[in-house]
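Asks: Supplied in structure tokens, the structure appears directly below.
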Amino acid sequence: MAINTEKLGIVLQNFVTATSDVQGAALVTPDGLPLAASLPGGMDEERVSAMSAAMLSLGERIGQELARGGVDRIYVEGDKGYGILTSCGEDAVLLVLADQKAKQGVLMLEIKRAVAEIKLILN
Amino acid sequence: MVLDPHDFMAKMADRISFTSEDRALLKSSASWGAEIAPDMADRFYSFLGRDEEMNAILNASEGRIHRLRETFVDWFAEMFTGMEDDWGTSYADRRWRIGLIHVRIGIGPQHVVPAMAVVVQAVGERLRAEGKSAALQDSLSKICMIDLAFIEQAYVEVTAAAVLKETGWTEGLFRRLITSGAGTM
Ligand code: HEM
């Protein structure tokens, strides 16, 4: 069955607008192609997608090599905010960008919910 | 990603137009090829020896240079014979293996291309000195370019395959990163 990218776009859009301190999100394939994106202006969607897929895959390899088990998420903490990568099963990776004010616990919960919703659409 | 040597051989022969006439001409000169091979090896190794970096590689281990001289002589003669299967599977497998060996030692395009240029030039000089035909020179140049393509392709394939293995990246992702990275250079 074809993936409903329109629906994915709406879910992402809603997630970005409804979650406080979230600045953008993108859903990409393991090949680094964007499925849906709602990113801050000026960000190159194609590049961000490729980098996100690369980062998650590399993180998973690091998890294996360092015997950390399955990787739940990759966390990039910069002085201007966070970038969080979460696997949505075999077919997609979710990238979430949040500013430094974001409360991590709340953010993780919101991401978990969004991932569940995305997985439903993907399957 | 790692390539099928036989398919690659067929593709290169087609692209370079390495025809049955080329093959016949080379085979008919096989004994001449075997005769000049030691001289070609001398020219080849004196060229490599003049380059500091390549000289260091050649002398990195005891007896390497002697082993190499022998393998070069065989390699050179094989271009004329097609290794008894008419430049088929065993020829392709052997060329691929030669490529892999160079990748492992870290010998890249910057070393191999000038080295093959020396082979083409040295053989050209011998051909002219002995009044051999221009057609034979063409056929030899073609097979040299096919052999060069094998070594170069091995370099690209093995480098990429190693990155994919270590990172878990898909081939599509890897290509995308190269395209987007190259776009910013
Ligand atoms: C025209 C380009 C070249 C050809 C046709 C060629 C040919 C060969 C062949 C036939 C072998 C033996 C492979 C085997 O064991 O099955 C070999 C190995 C090797 N070649 Fe080359 N080669 C070329 C360029 C170079 C260059 C530029 C270098 C740089 C120094 C080099 C250094 C070596 C070394 C170090 C080995 C491995 C020797 C060992 O067994 O320890 N080759 N080459």
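Chain lettering (A, B, ...) mirrors the order of the structure tokens, residue numbering begins at 1 for each chain separately, and ligand numbering begins at 1 in order of display.
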Near chain B, meaning an atom within 7 Å, which residues of chain A appear when counting only C-alpha atoms? Write them as a PDB file with N, CA, C and O atoms, in the first residue's frame.
Replies:
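Once everything was written out, this is iface.pdb:
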```
ATOM      1  N   ASP A  31      17.212   5.720   3.417  1.00  0.00           N
ATOM      2  CA  ASP A  31      18.041   6.183   2.303  1.00  0.00           C
ATOM      3  C   ASP A  31      18.274   7.694   2.368  1.00  0.00           C
ATOM      4  O   ASP A  31      18.942   8.259   1.503  1.00  0.00           O
ATOM      5  N   GLY A  32      17.672   8.346   3.350  1.00  0.00           N
ATOM      6  CA  GLY A  32      17.879   9.783   3.507  1.00  0.00           C
ATOM      7  C   GLY A  32      16.961  10.648   2.666  1.00  0.00           C
ATOM      8  O   GLY A  32      17.251  11.823   2.421  1.00  0.00           O
ATOM      9  N   ARG A  47      19.365  17.906   2.513  1.00  0.00           N
ATOM     10  CA  ARG A  47      20.588  17.649   3.288  1.00  0.00           C
ATOM     11  C   ARG A  47      20.277  17.179   4.695  1.00  0.00           C
ATOM     12  O   ARG A  47      20.880  16.245   5.208  1.00  0.00           O
ATOM     13  N   ALA A  50      19.268  13.535   4.616  1.00  0.00           N
ATOM     14  CA  ALA A  50      20.394  12.607   4.430  1.00  0.00           C
ATOM     15  C   ALA A  50      21.214  12.509   5.724  1.00  0.00           C
ATOM     16  O   ALA A  50      21.596  11.420   6.155  1.00  0.00           O
ATOM     17  N   ALA A  54      21.825   9.237   8.161  1.00  0.00           N
ATOM     18  CA  ALA A  54      23.220   8.836   8.377  1.00  0.00           C
ATOM     19  C   ALA A  54      23.518   8.746   9.870  1.00  0.00           C
ATOM     20  O   ALA A  54      24.139   7.788  10.350  1.00  0.00           O
ATOM     21  N   SER A  57      21.692   5.752  11.673  1.00  0.00           N
ATOM     22  CA  SER A  57      22.309   4.481  11.327  1.00  0.00           C
ATOM     23  C   SER A  57      23.668   4.325  12.018  1.00  0.00           C
ATOM     24  O   SER A  57      23.984   3.273  12.568  1.00  0.00           O
ATOM     25  N   LEU A  58      24.431   5.393  12.000  1.00  0.00           N
ATOM     26  CA  LEU A  58      25.746   5.354  12.646  1.00  0.00           C
ATOM     27  C   LEU A  58      25.576   5.148  14.154  1.00  0.00           C
ATOM     28  O   LEU A  58      26.305   4.367  14.772  1.00  0.00           O
ATOM     29  N   ARG A  61      24.949   1.596  14.899  1.00  0.00           N
ATOM     30  CA  ARG A  61      26.183   0.817  14.792  1.00  0.00           C
ATOM     31  C   ARG A  61      27.047   1.018  16.039  1.00  0.00           C
ATOM     32  O   ARG A  61      27.658   0.083  16.547  1.00  0.00           O
TER      33      ARG A  61
END
```
Asks: Within 7 Å of ligand 1, counting only C-alpha atoms and all ligand atoms: which residues, as a short mmCIF file (atom, residue, chain, number, x, y, z; two decimals) with all heavy atoms, in the first residue's frame?
Replies:
```cif
data_model
loop_
_atom_site.label_atom_id
_atom_site.label_comp_id
_atom_site.auth_asym_id
_atom_site.auth_seq_id
_atom_site.Cartn_x
_atom_site.Cartn_y
_atom_site.Cartn_z
N LEU B 48 58.67 3.22 -10.87
CA LEU B 48 58.13 3.27 -9.50
C LEU B 48 59.23 3.63 -8.51
O LEU B 48 59.00 4.37 -7.55
CB LEU B 48 57.51 1.92 -9.11
CG LEU B 48 56.29 1.42 -9.88
CD1 LEU B 48 55.73 0.16 -9.22
CD2 LEU B 48 55.19 2.47 -9.98
N MET B 54 56.32 5.67 -3.76
CA MET B 54 56.10 4.33 -4.33
C MET B 54 57.30 3.42 -4.06
O MET B 54 57.13 2.23 -3.82
CB MET B 54 55.79 4.43 -5.82
CG MET B 54 54.46 5.15 -6.06
SD MET B 54 53.76 4.89 -7.68
CE MET B 54 54.60 6.11 -8.66
N ASN B 55 58.48 4.02 -4.05
CA ASN B 55 59.68 3.24 -3.74
C ASN B 55 59.59 2.67 -2.32
O ASN B 55 59.95 1.51 -2.08
CB ASN B 55 60.92 4.12 -3.90
CG ASN B 55 62.19 3.29 -3.82
OD1 ASN B 55 62.31 2.26 -4.46
ND2 ASN B 55 63.13 3.73 -2.99
N ILE B 57 56.89 1.92 -0.71
CA ILE B 57 55.90 0.83 -0.71
C ILE B 57 56.54 -0.45 -1.26
O ILE B 57 56.39 -1.53 -0.72
CB ILE B 57 54.65 1.20 -1.55
CG1 ILE B 57 53.94 2.42 -0.96
CG2 ILE B 57 53.69 0.01 -1.65
CD1 ILE B 57 52.82 2.98 -1.82
N LEU B 58 57.29 -0.27 -2.34
CA LEU B 58 57.91 -1.44 -2.99
C LEU B 58 58.90 -2.17 -2.10
O LEU B 58 59.04 -3.38 -2.17
CB LEU B 58 58.66 -1.01 -4.26
CG LEU B 58 57.83 -0.56 -5.45
CD1 LEU B 58 58.75 -0.27 -6.63
CD2 LEU B 58 56.83 -1.64 -5.83
N ARG B 64 59.70 -8.30 -1.48
CA ARG B 64 58.50 -7.85 -2.17
C ARG B 64 58.79 -7.50 -3.63
O ARG B 64 58.08 -7.92 -4.53
CB ARG B 64 57.91 -6.64 -1.44
CG ARG B 64 56.67 -6.09 -2.09
CD ARG B 64 56.09 -4.94 -1.30
NE ARG B 64 54.89 -5.34 -0.57
CZ ARG B 64 54.15 -4.50 0.13
NH1 ARG B 64 54.51 -3.24 0.24
NH2 ARG B 64 53.06 -4.92 0.74
N ARG B 67 59.17 -10.54 -5.82
CA ARG B 67 57.87 -11.18 -6.04
C ARG B 67 57.08 -10.39 -7.08
O ARG B 67 56.50 -10.94 -8.01
CB ARG B 67 57.11 -11.16 -4.71
CG ARG B 67 56.40 -12.43 -4.44
CD ARG B 67 55.85 -12.58 -3.05
NE ARG B 67 55.46 -11.40 -2.32
CZ ARG B 67 56.05 -10.97 -1.21
NH1 ARG B 67 57.08 -11.61 -0.72
NH2 ARG B 67 55.63 -9.88 -0.59
N LEU B 68 57.13 -9.07 -6.90
CA LEU B 68 56.38 -8.20 -7.79
C LEU B 68 56.85 -8.28 -9.23
O LEU B 68 56.06 -8.25 -10.16
CB LEU B 68 56.53 -6.75 -7.33
CG LEU B 68 55.50 -6.32 -6.31
CD1 LEU B 68 55.76 -4.89 -5.91
CD2 LEU B 68 54.12 -6.45 -6.90
N THR B 71 55.33 -11.30 -10.69
CA THR B 71 53.88 -11.19 -10.93
C THR B 71 53.61 -10.21 -12.08
O THR B 71 52.68 -10.40 -12.85
CB THR B 71 53.10 -10.75 -9.67
OG1 THR B 71 53.70 -9.57 -9.15
CG2 THR B 71 53.06 -11.82 -8.62
N PHE B 72 54.46 -9.20 -12.20
CA PHE B 72 54.28 -8.24 -13.29
C PHE B 72 54.50 -8.92 -14.64
O PHE B 72 53.73 -8.72 -15.59
CB PHE B 72 55.23 -7.04 -13.15
CG PHE B 72 55.02 -6.00 -14.23
CD1 PHE B 72 54.20 -4.91 -14.00
CD2 PHE B 72 55.62 -6.13 -15.48
CE1 PHE B 72 53.98 -3.96 -15.01
CE2 PHE B 72 55.41 -5.20 -16.49
CZ PHE B 72 54.58 -4.11 -16.25
N TRP B 75 51.52 -10.91 -15.38
CA TRP B 75 50.40 -10.01 -15.71
C TRP B 75 50.52 -9.52 -17.16
O TRP B 75 49.57 -9.54 -17.92
CB TRP B 75 50.38 -8.82 -14.74
CG TRP B 75 49.48 -7.71 -15.22
CD1 TRP B 75 48.12 -7.68 -15.16
CD2 TRP B 75 49.88 -6.52 -15.92
NE1 TRP B 75 47.65 -6.53 -15.74
CE2 TRP B 75 48.70 -5.81 -16.21
CE3 TRP B 75 51.12 -5.98 -16.30
CZ2 TRP B 75 48.72 -4.58 -16.89
CZ3 TRP B 75 51.13 -4.76 -16.97
CH2 TRP B 75 49.95 -4.08 -17.25
N ARG B 97 41.14 -9.34 -8.48
CA ARG B 97 42.00 -9.63 -7.34
C ARG B 97 43.21 -8.70 -7.30
O ARG B 97 43.62 -8.23 -6.24
CB ARG B 97 42.45 -11.10 -7.38
CG ARG B 97 42.78 -11.65 -6.00
CD ARG B 97 43.01 -13.16 -6.08
NE ARG B 97 44.27 -13.47 -6.73
CZ ARG B 97 45.44 -13.53 -6.09
NH1 ARG B 97 45.49 -13.31 -4.79
NH2 ARG B 97 46.55 -13.81 -6.74
N ILE B 98 43.77 -8.42 -8.47
CA ILE B 98 44.89 -7.47 -8.53
C ILE B 98 44.43 -6.11 -7.98
O ILE B 98 45.11 -5.46 -7.20
CB ILE B 98 45.45 -7.33 -9.97
CG1 ILE B 98 46.12 -8.64 -10.41
CG2 ILE B 98 46.42 -6.16 -10.08
CD1 ILE B 98 46.55 -8.68 -11.89
N ILE B 101 44.13 -6.22 -4.16
CA ILE B 101 45.43 -6.21 -3.49
C ILE B 101 45.97 -4.78 -3.40
O ILE B 101 46.46 -4.36 -2.36
CB ILE B 101 46.42 -7.15 -4.22
CG1 ILE B 101 46.03 -8.61 -3.89
CG2 ILE B 101 47.87 -6.88 -3.81
CD1 ILE B 101 46.70 -9.66 -4.73
N HIS B 102 45.81 -4.02 -4.47
CA HIS B 102 46.30 -2.63 -4.43
C HIS B 102 45.50 -1.76 -3.47
O HIS B 102 46.08 -0.89 -2.80
CB HIS B 102 46.33 -2.03 -5.85
CG HIS B 102 47.40 -2.65 -6.69
ND1 HIS B 102 47.16 -3.74 -7.51
CD2 HIS B 102 48.72 -2.38 -6.81
CE1 HIS B 102 48.29 -4.10 -8.09
NE2 HIS B 102 49.25 -3.29 -7.69
N ILE B 105 46.76 -2.29 0.02
CA ILE B 105 48.06 -1.66 0.32
C ILE B 105 47.93 -0.13 0.32
O ILE B 105 48.84 0.56 0.71
CB ILE B 105 49.14 -2.10 -0.70
CG1 ILE B 105 49.10 -3.62 -0.89
CG2 ILE B 105 50.52 -1.68 -0.27
CD1 ILE B 105 49.93 -4.11 -2.06
N ILE B 107 47.19 1.74 -2.47
CA ILE B 107 47.67 2.30 -3.73
C ILE B 107 46.47 2.78 -4.53
O ILE B 107 45.61 1.99 -4.91
CB ILE B 107 48.49 1.25 -4.50
CG1 ILE B 107 49.74 0.90 -3.69
CG2 ILE B 107 48.88 1.76 -5.89
CD1 ILE B 107 50.45 -0.34 -4.15
N HIS B 111 48.68 6.74 -8.01
CA HIS B 111 49.84 5.87 -8.26
C HIS B 111 49.64 5.03 -9.52
O HIS B 111 50.54 4.87 -10.32
CB HIS B 111 50.05 4.90 -7.09
CG HIS B 111 50.18 5.57 -5.77
ND1 HIS B 111 49.27 5.42 -4.76
CD2 HIS B 111 51.12 6.41 -5.29
CE1 HIS B 111 49.64 6.12 -3.71
NE2 HIS B 111 50.76 6.75 -4.01
N VAL B 112 48.42 4.48 -9.63
CA VAL B 112 48.18 3.48 -10.66
C VAL B 112 48.09 4.08 -12.07
O VAL B 112 48.60 3.51 -13.03
CB VAL B 112 46.91 2.66 -10.33
CG1 VAL B 112 46.58 1.70 -11.45
CG2 VAL B 112 47.11 1.89 -9.03
N VAL B 113 47.44 5.24 -12.17
CA VAL B 113 47.26 5.83 -13.51
C VAL B 113 48.61 6.17 -14.16
O VAL B 113 48.88 5.76 -15.29
CB VAL B 113 46.28 7.02 -13.48
CG1 VAL B 113 46.20 7.70 -14.84
CG2 VAL B 113 44.90 6.54 -13.05
N ALA B 115 51.42 4.84 -13.51
CA ALA B 115 52.13 3.58 -13.73
C ALA B 115 51.64 2.92 -15.02
O ALA B 115 52.44 2.40 -15.80
CB ALA B 115 51.94 2.65 -12.54
N MET B 116 50.32 2.95 -15.23
CA MET B 116 49.80 2.34 -16.45
C MET B 116 50.22 3.18 -17.67
O MET B 116 50.49 2.62 -18.74
CB MET B 116 48.28 2.21 -16.38
CG MET B 116 47.69 1.33 -17.46
SD MET B 116 48.30 -0.38 -17.39
CE MET B 116 47.08 -1.14 -16.33
N VAL B 119 53.50 1.92 -18.70
CA VAL B 119 53.41 0.65 -19.42
C VAL B 119 53.04 0.90 -20.88
O VAL B 119 53.69 0.39 -21.80
CB VAL B 119 52.36 -0.30 -18.77
CG1 VAL B 119 52.17 -1.55 -19.61
CG2 VAL B 119 52.78 -0.67 -17.35
N LEU B 148 43.30 -1.23 -16.19
CA LEU B 148 43.33 -0.03 -15.34
C LEU B 148 41.96 0.21 -14.71
O LEU B 148 41.85 0.52 -13.52
CB LEU B 148 43.76 1.18 -16.18
CG LEU B 148 43.82 2.53 -15.47
CD1 LEU B 148 44.81 2.51 -14.32
CD2 LEU B 148 44.21 3.64 -16.46
#
```
Asks: Applying 12 Å and only C-alpha atoms, which residues near Glu117 in chain A remain after dropping the ones on its own chain fewer than 2 positions away? List them as a ChimeraX atom specification.
Replies: /A:7-12,14-15,88,94,110-115,119-123
Asks: How far is it from CA of His6 in chain B to CA of Thr19 in chain B, in Å with one decimal?
Replies: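 CA of His6 in chain B sits 16.2 Å away from CA of Thr19 in chain B.
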Asks: With only C-alpha atoms as the basis for distance, which of B:Thr89, B:Ala37, B:Glu84, B:Gly49 is at the shortest distance from Glu70 in chain B?
Replies: B:Ala37
Asks: Any idea what's packed within 12 Å of Glu157 in chain B, counting only C-alpha atoms, ignoring anything in its chain fewer than 5 positions away? Could you give it as a PyMOL selection string?
Replies: chain B and resi 1-5+96+99-100+103+149-152+162-165+171
Asks: Work out how far CA of Asp93 in chain B is from CA of Ala122 in chain B, in Å to one decimal.
Replies: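 Result for CA of Ala122 in chain B versus CA of Asp93 in chain B: 26.0 Å, one decimal.
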Asks: Which residue is closest to Arg95 in chain B? Choose from B:Ser139, B:Gln153, B:Gln121, B:Ser133 and count only C-alpha atoms.
Replies: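 That would be B:Gln153, the residue with the smallest distance to Arg95 in chain B.
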Asks: Apply DSSP to the backbone of this structure and, from chain B, keep only the residues in helix (DSSP H, G or I); write these as a ChimeraX atom specification.
Replies: /B:5-15,20-28,30-50,52-58,64-84,89-105,109-129,134-167,171-183
Asks: Name all residues at most 8 Å from Leu27 in chain A (count only C-alpha atoms; drop same-chain ones fewer than 3 positions away) and give them as an mmCIF file with N, CA, C and O atoms, in the first residue's frame.
Replies:
```cif
data_model
loop_
_atom_site.group_PDB
_atom_site.id
_atom_site.type_symbol
_atom_site.label_atom_id
_atom_site.label_comp_id
_atom_site.auth_asym_id
_atom_site.auth_seq_id
_atom_site.Cartn_x
_atom_site.Cartn_y
_atom_site.Cartn_z
ATOM 1 N N PRO A 34 13.415 12.688 2.168
ATOM 2 C CA PRO A 34 12.358 13.229 3.025
ATOM 3 C C PRO A 34 10.991 12.628 2.683
ATOM 4 O O PRO A 34 10.619 12.558 1.521
ATOM 5 N N LEU A 35 10.262 12.168 3.710
ATOM 6 C CA LEU A 35 8.887 11.704 3.508
ATOM 7 C C LEU A 35 7.931 12.863 3.790
ATOM 8 O O LEU A 35 6.922 13.045 3.121
ATOM 9 N N ALA A 36 8.254 13.597 4.846
ATOM 10 C CA ALA A 36 7.467 14.774 5.215
ATOM 11 C C ALA A 36 8.371 15.653 6.059
ATOM 12 O O ALA A 36 9.247 15.153 6.758
ATOM 13 N N ALA A 37 8.177 16.970 5.961
ATOM 14 C CA ALA A 37 9.044 17.852 6.745
ATOM 15 C C ALA A 37 8.344 19.151 7.079
ATOM 16 O O ALA A 37 7.535 19.655 6.298
ATOM 17 N N SER A 49 17.715 15.649 5.670
ATOM 18 C CA SER A 49 17.202 14.276 5.607
ATOM 19 C C SER A 49 18.336 13.264 5.506
ATOM 20 O O SER A 49 18.355 12.262 6.222
ATOM 21 N N ALA A 92 11.448 4.463 8.505
ATOM 22 C CA ALA A 92 11.545 5.908 8.682
ATOM 23 C C ALA A 92 12.256 6.313 9.966
ATOM 24 O O ALA A 92 12.350 5.555 10.925
ATOM 25 N N VAL A 93 12.770 7.532 9.926
ATOM 26 C CA VAL A 93 13.468 8.148 11.049
ATOM 27 C C VAL A 93 12.818 9.500 11.297
ATOM 28 O O VAL A 93 12.585 10.260 10.361
ATOM 29 N N LEU A 94 12.530 9.785 12.569
ATOM 30 C CA LEU A 94 11.948 11.091 12.889
ATOM 31 C C LEU A 94 13.021 12.000 13.477
ATOM 32 O O LEU A 94 13.724 11.623 14.412
ATOM 33 N N LEU A 95 13.127 13.188 12.911
ATOM 34 C CA LEU A 95 14.026 14.208 13.460
ATOM 35 C C LEU A 95 13.166 15.290 14.103
ATOM 36 O O LEU A 95 12.216 15.785 13.480
#
```
Asks: Fewer than 6 positions away in the same chain doesn't count, so skip those; otherwise give me all residues within 9 Å of Arg73 in chain A, counting only C-alpha atoms, as JSON, numbers by chain.
Replies: {"A": [56, 59, 84, 85, 86, 87]}
Asks: Quick one: residues within 9 Å of Phe47 in chain B, only C-alpha atoms counted, chain neighbours fewer than 4 positions away excluded, as a list in words?
Replies: Asp42, Arg43, Asp51, Ala115 and Val118 of chain B
Asks: Using the chain letters and numbers from this document, which residues of chain A does DSSP assign to strand (DSSP E or B), as a tab-separated table (two decimals) with N, CA, C and O atoms, in the first residue's frame?
Replies:
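As a result, selection.tsv now contains:
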```tsv
chain	number	residue	atom	x	y	z
A	22	VAL	N	9.11	23.19	20.31
A	22	VAL	CA	9.56	22.44	19.13
A	22	VAL	C	9.61	23.38	17.93
A	22	VAL	O	8.66	24.10	17.66
A	23	GLN	N	10.73	23.37	17.22
A	23	GLN	CA	10.92	24.32	16.11
A	23	GLN	C	10.74	23.69	14.74
A	23	GLN	O	10.55	24.38	13.75
A	24	GLY	N	10.86	22.37	14.71
A	24	GLY	CA	10.72	21.73	13.41
A	24	GLY	C	10.81	20.22	13.55
A	24	GLY	O	11.23	19.71	14.59
A	25	ALA	N	10.40	19.53	12.48
A	25	ALA	CA	10.48	18.07	12.48
A	25	ALA	C	10.54	17.59	11.05
A	25	ALA	O	10.09	18.28	10.12
A	26	ALA	N	11.14	16.42	10.87
A	26	ALA	CA	11.18	15.81	9.54
A	26	ALA	C	11.12	14.31	9.68
A	26	ALA	O	11.64	13.74	10.66
A	27	LEU	N	10.49	13.68	8.72
A	27	LEU	CA	10.43	12.22	8.70
A	27	LEU	C	11.14	11.79	7.42
A	27	LEU	O	10.80	12.25	6.33
A	28	VAL	N	12.16	10.94	7.58
A	28	VAL	CA	12.97	10.58	6.42
A	28	VAL	C	13.13	9.06	6.31
A	28	VAL	O	13.00	8.35	7.29
A	34	PRO	N	13.42	12.69	2.17
A	34	PRO	CA	12.36	13.23	3.02
A	34	PRO	C	10.99	12.63	2.68
A	34	PRO	O	10.62	12.56	1.52
A	35	LEU	N	10.26	12.17	3.71
A	35	LEU	CA	8.89	11.70	3.51
A	35	LEU	C	7.93	12.86	3.79
A	35	LEU	O	6.92	13.05	3.12
A	36	ALA	N	8.25	13.60	4.85
A	36	ALA	CA	7.47	14.77	5.21
A	36	ALA	C	8.37	15.65	6.06
A	36	ALA	O	9.25	15.15	6.76
A	37	ALA	N	8.18	16.97	5.96
A	37	ALA	CA	9.04	17.85	6.75
A	37	ALA	C	8.34	19.15	7.08
A	37	ALA	O	7.53	19.65	6.30
A	38	SER	N	8.65	19.63	8.25
A	38	SER	CA	8.19	20.95	8.66
A	38	SER	C	9.37	21.58	9.40
A	38	SER	O	9.48	21.49	10.61
A	73	ARG	N	17.06	6.47	20.89
A	73	ARG	CA	17.15	7.77	20.22
A	73	ARG	C	18.57	8.29	20.21
A	73	ARG	O	19.40	7.86	21.00
A	74	ILE	N	18.81	9.21	19.29
A	74	ILE	CA	20.09	9.91	19.24
A	74	ILE	C	19.80	11.35	19.61
A	74	ILE	O	18.87	11.96	19.08
A	75	TYR	N	20.64	11.85	20.46
A	75	TYR	CA	20.38	13.12	21.09
A	75	TYR	C	21.53	14.07	20.79
A	75	TYR	O	22.67	13.78	21.13
A	76	VAL	N	21.23	15.19	20.16
A	76	VAL	CA	22.29	16.18	19.91
A	76	VAL	C	21.94	17.41	20.75
A	76	VAL	O	20.89	18.02	20.55
A	77	GLU	N	22.80	17.73	21.70
A	77	GLU	CA	22.51	18.88	22.57
A	77	GLU	C	23.50	19.99	22.27
A	77	GLU	O	24.69	19.86	22.55
A	78	GLY	N	22.99	21.05	21.67
A	78	GLY	CA	23.86	22.18	21.36
A	78	GLY	C	23.51	23.35	22.26
A	78	GLY	O	22.53	23.30	22.99
A	81	GLY	N	20.01	24.53	21.33
A	81	GLY	CA	18.85	23.65	21.38
A	81	GLY	C	19.20	22.20	21.11
A	81	GLY	O	20.37	21.82	21.12
A	82	TYR	N	18.15	21.44	20.85
A	82	TYR	CA	18.31	19.99	20.71
A	82	TYR	C	17.93	19.51	19.31
A	82	TYR	O	17.06	20.10	18.66
A	83	GLY	N	18.56	18.42	18.92
A	83	GLY	CA	18.14	17.68	17.74
A	83	GLY	C	17.99	16.24	18.18
A	83	GLY	O	18.92	15.67	18.73
A	84	ILE	N	16.81	15.69	17.99
A	84	ILE	CA	16.57	14.33	18.49
A	84	ILE	C	16.11	13.43	17.35
A	84	ILE	O	15.17	13.75	16.62
A	85	LEU	N	16.80	12.32	17.20
A	85	LEU	CA	16.46	11.36	16.15
A	85	LEU	C	15.88	10.10	16.76
A	85	LEU	O	16.47	9.55	17.70
A	86	THR	N	14.74	9.69	16.25
A	86	THR	CA	14.10	8.49	16.78
A	86	THR	C	13.71	7.60	15.60
A	86	THR	O	13.18	8.09	14.60
A	87	SER	N	13.98	6.30	15.74
A	87	SER	CA	13.58	5.40	14.67
A	87	SER	C	12.08	5.16	14.72
A	87	SER	O	11.50	5.03	15.80
A	93	VAL	N	12.77	7.53	9.93
A	93	VAL	CA	13.47	8.15	11.05
A	93	VAL	C	12.82	9.50	11.30
A	93	VAL	O	12.59	10.26	10.36
A	94	LEU	N	12.53	9.78	12.57
A	94	LEU	CA	11.95	11.09	12.89
A	94	LEU	C	13.02	12.00	13.48
A	94	LEU	O	13.72	11.62	14.41
A	95	LEU	N	13.13	13.19	12.91
A	95	LEU	CA	14.03	14.21	13.46
A	95	LEU	C	13.17	15.29	14.10
A	95	LEU	O	12.22	15.79	13.48
A	96	VAL	N	13.50	15.65	15.32
A	96	VAL	CA	12.78	16.75	16.00
A	96	VAL	C	13.80	17.78	16.44
A	96	VAL	O	14.83	17.45	17.03
A	97	LEU	N	13.50	19.06	16.14
A	97	LEU	CA	14.37	20.15	16.57
A	97	LEU	C	13.64	20.95	17.64
A	97	LEU	O	12.49	21.35	17.44
A	98	ALA	N	14.31	21.16	18.77
A	98	ALA	CA	13.66	21.91	19.86
A	98	ALA	C	14.63	22.95	20.38
A	98	ALA	O	15.85	22.79	20.26
A	99	ASP	N	14.10	24.04	20.94
A	99	ASP	CA	15.03	25.06	21.46
A	99	ASP	C	15.47	24.69	22.87
A	99	ASP	O	14.98	23.75	23.47
```
Asks: For a test of reading the model, state the distance in Å between CA of Pro38 in chain B and CA of Arg69 in chain B, rounded to one decimal.
Replies: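 According to the coordinates, CA of Pro38 in chain B and CA of Arg69 in chain B are separated by 8.0 Å.
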Asks: Go through B:Arg50, B:Gly183, B:Val123, B:Asn59 and flag the residue nearest Glu46 in chain A, using only C-alpha atoms for the distances.
Replies: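 When distances to Glu46 in chain A are compared using only C-alpha atoms, the smallest one comes from B:Gly183.
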